[in-house]
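**Student:** To start, I am sharing the structure in question, which I have written as structure tokens.
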Amino acid sequence: MLTITLALSKGRIFDETLPLLDAAGIAPLEDPETSRKLILPTRRADVRLVVVRASDTPTYVQYGAADLGIAGKDVLYEHGGAGLYQPLDLGIAVCRMMVAVRADFDYASAVRQGARLRVATKYLRAAREHFAAKGVHVDLIKLYGSMELAPLAGLADAIVDLVATGNTLRDNNLRAVEEIMPISARLIVNQAALKLKRAALQPLIEAFEGARVAHA
Ligand code: AMP
């Protein structure tokens with residue numbers, strides 16, 4: 001039997017994907033939030049889930065270790081998308097990638113004066129391209145967690161981070177000053193797998209599409 005492997009991350013993506021997995025008939029048999037297993041069986045014997053770190057999802061699918069995956073546009077943009085089809089915007093895990101600064105930092109006048117800004121982010125590529133397009137000189141500082149701390153601790157003038165409700169920024173006395181791009185989670189498919197396993201993958205892709213419409 002041909003096994004289909006779908007990669008996804010715990011947390012927001014998993015929570016919001018669960019109704020889609022259910023509609024596609026591939027809900028996991030164990031809860032990944034409580035299970036220590038990294039490979040989870042689903043309601044279909046020929047479909048399994050692999051639980052990966054969000055930023056690793058495109059890599060698993062690119063190399064064919066997973067046939068399909070669900071990843072945020074933020075992560076896909078940094079990865080670059082090589083070897084991946086992105087047939088569906090699932091319309092879940094919606095937020096915006098934004099530039100944010102301390103509430104008391106005059107970003108507009110720093111930009112107007114041509115100041116060189118220190119920007120902390122996980123999203124180096126998106127940040128580099130955004131500021132280059134605006135002609136703003138920046139020193140980018142790569143972080144792996146809690147970007148919100150960087151301007152408060154004096155590490156950076158600005159951050160590039162994801163904003164959903166805006167509560168995290170508000171609670172930390174930060175404010176968003178520019179939107180870089182809208183973000184949502186996409187279905188991604190290994191290009192070679194789509195050719196070799198098309199008969200098995202196409203119905204799943206269509207099930208996600210149908211579930212997305214019903215969900216929207
Ligand atoms: P919020 O307080 O609702 O604006 O959410 C902001 C926090 O949640 C930040 O730490 C973001 O990095 C994170 N976040 C928001 N939306 C997403 C998303 N779709 N995927 C991953 N992280 C997110």
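Going by the structure tokens order, chains are called A, B, ..., each with residues numbered from 1, while ligands are numbered from 1 in the order shown.
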Mind dumping a table of every chain A residue within 9 Å of ligand 1, with the nearest atom pair and its distance in Å to one decimal, using only C-alpha atoms and all ligand atoms, sorted by chain and rising number, as CSV?
**Tutor:**
```
residue,atom,partner,partner_atom_place_in_ligand_line,distance
A:Gly11,CA,ligand 1,21 (C),8.5
A:Arg12,CA,ligand 1,20 (N),6.4
A:Ile13,CA,ligand 1,20 (N),7.1
A:Ala54,CA,ligand 1,21 (C),8.5
A:Gly72,CA,ligand 1,20 (N),6.6
A:Lys73,CA,ligand 1,19 (N),8.9
A:Asp74,CA,ligand 1,20 (N),8.1
A:Ile92,CA,ligand 1,19 (N),7.7
A:Ala93,CA,ligand 1,19 (N),4.0
A:Val94,CA,ligand 1,19 (N),5.0
A:Cys95,CA,ligand 1,19 (N),5.0
A:Arg96,CA,ligand 1,16 (N),7.3
A:Met97,CA,ligand 1,16 (N),8.6
A:Gly145,CA,ligand 1,10 (O),8.4
A:Ser146,CA,ligand 1,10 (O),6.4
A:Met147,CA,ligand 1,10 (O),7.4
A:Glu148,CA,ligand 1,10 (O),7.3
A:Asp161,CA,ligand 1,12 (O),5.6
A:Leu162,CA,ligand 1,11 (C),4.4
A:Val163,CA,ligand 1,4 (O),3.8
A:Ala164,CA,ligand 1,4 (O),3.6
A:Thr165,CA,ligand 1,3 (O),3.6
A:Gly166,CA,ligand 1,4 (O),3.5
A:Asn167,CA,ligand 1,2 (O),3.9
A:Thr168,CA,ligand 1,2 (O),3.6
A:Leu169,CA,ligand 1,2 (O),6.4
A:Arg170,CA,ligand 1,2 (O),8.0
A:Asp171,CA,ligand 1,2 (O),8.3
A:Ile183,CA,ligand 1,19 (N),6.8
A:Ser184,CA,ligand 1,19 (N),6.4
A:Ala185,CA,ligand 1,19 (N),7.4
```
**Student:** Can I get the selected residues back with N, CA, C and O atoms, as a compact mmCIF listing (two decimals), in the first residue's frame?
**Tutor:**
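As written to disk, result_6.txt reads:
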```txt
# COMPACT_ATOMS: atom_id res chain seq x y z
N GLY A 11 0.54 23.37 17.65
CA GLY A 11 0.16 24.74 17.97
C GLY A 11 -0.88 25.27 17.01
O GLY A 11 -1.78 24.55 16.59
N ARG A 12 -0.70 26.54 16.63
CA ARG A 12 -1.73 27.22 15.85
C ARG A 12 -2.09 26.49 14.57
O ARG A 12 -3.26 26.31 14.24
N ILE A 13 -1.06 26.08 13.80
CA ILE A 13 -1.35 25.42 12.51
C ILE A 13 -2.12 24.12 12.76
O ILE A 13 -3.14 23.87 12.11
N ALA A 54 7.63 24.22 12.86
CA ALA A 54 6.99 24.95 11.76
C ALA A 54 7.99 25.29 10.64
O ALA A 54 7.70 25.10 9.46
N GLY A 72 2.92 28.05 7.07
CA GLY A 72 2.58 29.47 6.95
C GLY A 72 3.37 30.12 5.81
O GLY A 72 4.49 29.71 5.50
N LYS A 73 2.75 31.16 5.23
CA LYS A 73 3.44 31.87 4.15
C LYS A 73 4.75 32.49 4.64
O LYS A 73 5.71 32.62 3.88
N ASP A 74 4.79 32.87 5.91
CA ASP A 74 6.02 33.42 6.50
C ASP A 74 7.17 32.44 6.37
O ASP A 74 8.27 32.78 5.93
N ILE A 92 -6.21 29.69 6.86
CA ILE A 92 -6.14 29.51 8.32
C ILE A 92 -4.84 30.13 8.84
O ILE A 92 -3.96 30.47 8.05
N ALA A 93 -4.73 30.23 10.17
CA ALA A 93 -3.57 30.85 10.82
C ALA A 93 -3.28 32.21 10.16
O ALA A 93 -2.14 32.54 9.81
N VAL A 94 -4.33 32.98 10.02
CA VAL A 94 -4.24 34.27 9.32
C VAL A 94 -3.65 35.34 10.25
O VAL A 94 -4.03 35.43 11.41
N CYS A 95 -2.71 36.08 9.75
CA CYS A 95 -2.14 37.20 10.49
C CYS A 95 -1.40 38.10 9.49
O CYS A 95 -1.54 37.90 8.27
N ARG A 96 -0.65 39.06 9.99
CA ARG A 96 0.10 39.96 9.09
C ARG A 96 1.54 40.03 9.55
O ARG A 96 1.80 40.06 10.76
N MET A 97 2.45 40.06 8.60
CA MET A 97 3.85 40.29 8.96
C MET A 97 4.06 41.81 8.99
O MET A 97 3.76 42.50 7.99
N GLY A 145 13.42 33.50 18.92
CA GLY A 145 12.22 33.56 19.76
C GLY A 145 11.93 34.98 20.18
O GLY A 145 12.73 35.88 19.95
N SER A 146 10.75 35.18 20.76
CA SER A 146 10.30 36.46 21.34
C SER A 146 10.96 37.71 20.78
O SER A 146 11.72 38.39 21.46
N MET A 147 10.63 38.01 19.54
CA MET A 147 11.16 39.23 18.93
C MET A 147 10.75 40.49 19.72
O MET A 147 11.47 41.48 19.75
N GLU A 148 9.56 40.41 20.35
CA GLU A 148 9.02 41.58 21.06
C GLU A 148 9.98 42.11 22.12
O GLU A 148 9.95 43.29 22.47
N ASP A 161 7.74 40.97 12.78
CA ASP A 161 7.10 39.84 13.45
C ASP A 161 5.68 39.66 12.92
O ASP A 161 5.18 40.52 12.18
N LEU A 162 5.06 38.56 13.33
CA LEU A 162 3.68 38.30 12.95
C LEU A 162 2.75 38.94 13.97
O LEU A 162 2.99 38.85 15.17
N VAL A 163 1.69 39.55 13.47
CA VAL A 163 0.71 40.19 14.34
C VAL A 163 -0.66 39.65 13.98
O VAL A 163 -1.05 39.69 12.80
N ALA A 164 -1.37 39.13 14.97
CA ALA A 164 -2.74 38.65 14.72
C ALA A 164 -3.72 39.63 15.35
O ALA A 164 -4.26 40.50 14.67
N THR A 165 -3.93 39.55 16.65
CA THR A 165 -4.86 40.48 17.31
C THR A 165 -4.20 41.82 17.64
O THR A 165 -4.89 42.81 17.84
N GLY A 166 -2.88 41.83 17.73
CA GLY A 166 -2.17 43.04 18.16
C GLY A 166 -1.98 43.10 19.68
O GLY A 166 -1.35 44.01 20.20
N ASN A 167 -2.52 42.10 20.40
CA ASN A 167 -2.44 42.12 21.88
C ASN A 167 -1.00 42.03 22.38
O ASN A 167 -0.64 42.69 23.35
N THR A 168 -0.19 41.18 21.74
CA THR A 168 1.19 41.01 22.21
C THR A 168 1.96 42.32 22.10
O THR A 168 2.69 42.70 23.01
N LEU A 169 1.78 43.02 20.97
CA LEU A 169 2.46 44.31 20.80
C LEU A 169 2.00 45.27 21.88
O LEU A 169 2.80 45.91 22.57
N ARG A 170 0.67 45.37 22.03
CA ARG A 170 0.11 46.32 23.00
C ARG A 170 0.60 46.02 24.42
O ARG A 170 1.02 46.93 25.15
N ASP A 171 0.58 44.75 24.79
CA ASP A 171 0.99 44.38 26.15
C ASP A 171 2.46 44.71 26.41
O ASP A 171 2.89 44.78 27.56
N ILE A 183 -0.41 37.08 5.84
CA ILE A 183 0.07 35.70 6.04
C ILE A 183 -1.12 34.77 6.26
O ILE A 183 -2.09 35.14 6.94
N SER A 184 -1.03 33.58 5.69
CA SER A 184 -1.99 32.50 6.01
C SER A 184 -1.27 31.20 5.73
O SER A 184 -0.19 31.19 5.14
N ALA A 185 -1.88 30.09 6.16
CA ALA A 185 -1.23 28.79 5.95
C ALA A 185 -1.62 28.21 4.59
O ALA A 185 -2.75 28.37 4.13
```
**Student:** For Ala158 of chain A, find every residue with an atom within 6 Å (counting only C-alpha atoms), except residues of its own chain fewer than 3 positions away, and show them as a ChimeraX atom specification.
**Tutor:** /A:100-101,119
**Student:** Any idea what the distance is between atom CA of Val136 of chain A and atom CA of Asp157 of chain A?
**Tutor:**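 These atoms are spaced 13.0 Å apart.
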**Student:** Residues near Asp22 of chain A, anyone? I mean within 12 Å using only C-alpha atoms, not counting same-chain ones fewer than 4 positions away, as a list in words.
**Tutor:**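 Using only C-alpha atoms, the neighbours found are Phe14, Asp15, Glu16, Thr17, Leu18, Ile26, Ala27, Pro28, Leu29, Thr42, Arg43, Arg44, Leu204, Ala207, Phe208, Gly210, Ala211, Arg212 and His215 of chain A.
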**Student:** Restrict the selected residues to N, CA and C atoms and save them as a JSON list (two decimals), in the first residue's frame.
**Tutor:**
```json
[["chain", "number", "residue", "atom", "x", "y", "z"],
["A", 14, "PHE", "N", -1.67, 23.34, 13.74],
["A", 14, "PHE", "CA", -2.36, 22.07, 13.98],
["A", 14, "PHE", "C", -3.81, 22.33, 14.40],
["A", 15, "ASP", "N", -4.00, 23.24, 15.35],
["A", 15, "ASP", "CA", -5.36, 23.51, 15.87],
["A", 15, "ASP", "C", -6.31, 23.91, 14.74],
["A", 16, "GLU", "N", -5.81, 24.76, 13.86],
["A", 16, "GLU", "CA", -6.70, 25.28, 12.82],
["A", 16, "GLU", "C", -6.83, 24.31, 11.65],
["A", 17, "THR", "N", -5.89, 23.36, 11.54],
["A", 17, "THR", "CA", -5.96, 22.37, 10.46],
["A", 17, "THR", "C", -6.86, 21.21, 10.83],
["A", 18, "LEU", "N", -7.04, 20.96, 12.12],
["A", 18, "LEU", "CA", -7.79, 19.78, 12.57],
["A", 18, "LEU", "C", -9.16, 19.63, 11.89],
["A", 26, "ILE", "N", -8.81, 12.32, 7.52],
["A", 26, "ILE", "CA", -7.47, 11.94, 7.99],
["A", 26, "ILE", "C", -7.14, 12.57, 9.34],
["A", 27, "ALA", "N", -8.15, 12.66, 10.22],
["A", 27, "ALA", "CA", -7.88, 13.15, 11.57],
["A", 27, "ALA", "C", -6.92, 12.18, 12.26],
["A", 28, "PRO", "N", -5.98, 12.69, 13.07],
["A", 28, "PRO", "CA", -5.04, 11.79, 13.75],
["A", 28, "PRO", "C", -5.75, 10.95, 14.82],
["A", 29, "LEU", "N", -5.21, 9.76, 15.08],
["A", 29, "LEU", "CA", -5.80, 8.88, 16.09],
["A", 29, "LEU", "C", -5.32, 9.25, 17.48],
["A", 42, "THR", "N", -3.45, 8.04, 11.27],
["A", 42, "THR", "CA", -4.71, 8.77, 11.09],
["A", 42, "THR", "C", -5.84, 7.77, 10.87],
["A", 43, "ARG", "N", -7.04, 8.32, 10.68],
["A", 43, "ARG", "CA", -8.21, 7.44, 10.45],
["A", 43, "ARG", "C", -8.04, 6.62, 9.17],
["A", 44, "ARG", "N", -7.14, 7.04, 8.29],
["A", 44, "ARG", "CA", -6.87, 6.24, 7.09],
["A", 44, "ARG", "C", -5.54, 5.52, 7.25],
["A", 204, "LEU", "N", -6.96, 13.91, -2.04],
["A", 204, "LEU", "CA", -6.70, 14.57, -0.75],
["A", 204, "LEU", "C", -6.67, 16.09, -0.92],
["A", 207, "ALA", "N", -10.06, 17.23, -1.28],
["A", 207, "ALA", "CA", -10.79, 17.21, 0.00],
["A", 207, "ALA", "C", -10.43, 18.44, 0.82],
["A", 208, "PHE", "N", -9.15, 18.82, 0.81],
["A", 208, "PHE", "CA", -8.75, 20.05, 1.52],
["A", 208, "PHE", "C", -9.43, 21.26, 0.90],
["A", 210, "GLY", "N", -12.28, 21.37, -0.73],
["A", 210, "GLY", "CA", -13.70, 21.36, -0.36],
["A", 210, "GLY", "C", -13.89, 21.77, 1.09],
["A", 211, "ALA", "N", -13.03, 21.26, 1.97],
["A", 211, "ALA", "CA", -13.14, 21.57, 3.40],
["A", 211, "ALA", "C", -12.86, 23.04, 3.65],
["A", 212, "ARG", "N", -11.90, 23.58, 2.90],
["A", 212, "ARG", "CA", -11.56, 24.99, 3.07],
["A", 212, "ARG", "C", -12.76, 25.86, 2.72],
["A", 215, "HIS", "N", -15.35, 25.60, 5.35],
["A", 215, "HIS", "CA", -14.85, 26.19, 6.58],
["A", 215, "HIS", "C", -14.94, 27.72, 6.51]]
```
**Student:** Could you name the residues that touch Leu6 of chain A at 7 Å or less, counting only C-alpha atoms, but leaving out those on the same chain fewer than 5 positions away, as a PyMOL selection string?
**Tutor:** chain A and resi 48-50+66-69
**Student:** In Å, rounded to a single decimal, give me how far atom CA of Lys134 of chain A is from atom CA of Asp104 of chain A.
**Tutor:** 22.2 Å
**Student:** According to DSSP computed on the backbone, where in chain A is there strand (DSSP E or B)? Give the residues as a ChimeraX atom specification.
**Tutor:** /A:4-8,28,39-42,47-51,68-72,84-102,117-121,138-142,158-163,174-190
**Student:** Identify, on the basis of only C-alpha atoms, every residue whose closest approach to Lys142 of chain A does not exceed 6 Å; exclude the query and any residue fewer than 5 positions from it along the same chain; express the result as a VMD selection string.
**Tutor:** chain A and resid 120 to 122
**Student:** Write out as a ChimeraX atom specification the set of residues from chain A that DSSP, computed on the backbone, places in helix (DSSP H, G or I).
**Tutor:** /A:12-23,54-62,73-79,107-112,124-134,149-153,167-171,191-196,198-215
**Student:** Do you know which residues are at most 10 Å from Leu124 of chain A counting only C-alpha atoms, after dropping those on the same chain fewer than 6 positions away, and could you put them as a list in words?
**Tutor:**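 In the requested format, the answer is Tyr77, Glu78, His130, Leu140, Ile141, Lys142, Leu143 and Val160 of chain A.
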**Student:** Go ahead and dump the residues you just picked, C-alpha atoms, as a PDB file, in the first residue's frame.
**Tutor:**
```pdb
ATOM      1  CA  TYR A  77       8.825  32.840   2.031  1.00  0.00           C
ATOM      2  CA  GLU A  78      12.005  32.264   4.050  1.00  0.00           C
ATOM      3  CA  HIS A 130      11.090  45.012   2.519  1.00  0.00           C
ATOM      4  CA  LEU A 140      19.424  42.688  10.554  1.00  0.00           C
ATOM      5  CA  ILE A 141      19.774  40.645  13.731  1.00  0.00           C
ATOM      6  CA  LYS A 142      18.563  37.054  13.537  1.00  0.00           C
ATOM      7  CA  LEU A 143      16.480  35.878  16.495  1.00  0.00           C
ATOM      8  CA  VAL A 160       9.643  42.228  11.965  1.00  0.00           C
TER       9      VAL A 160
END
```
**Student:** Identify which of the residues A:Ala199, A:Ala126, A:Ala7, A:Ala153 lies closest to Thr57 of chain A, counting only C-alpha atoms when measuring atom-to-atom distances.
**Tutor:** A:Ala7
**Student:** One number please: atom CA of Gly81 of chain A to atom CA of Pro32 of chain A, in Å, one decimal.
**Tutor:**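 According to the coordinates, atom CA of Gly81 of chain A and atom CA of Pro32 of chain A are separated by 26.2 Å.
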**Student:** Under the rule that only C-alpha atoms are counted, which of A:Val51, A:Leu84, A:Leu155, A:Leu90 is the nearest residue to Val213 of chain A?
**Tutor:**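 Nearest to Val213 of chain A: A:Leu90.
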**Student:** Give the answer as one residue: which of A:Val75, A:Ile70, A:Val177, A:Ile205 has the shortest atom-to-atom distance to Val111 of chain A, using only C-alpha atoms?
**Tutor:**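 Between A:Val75, A:Ile70, A:Val177, A:Ile205, the residue approaching Val111 of chain A most closely is A:Val177.
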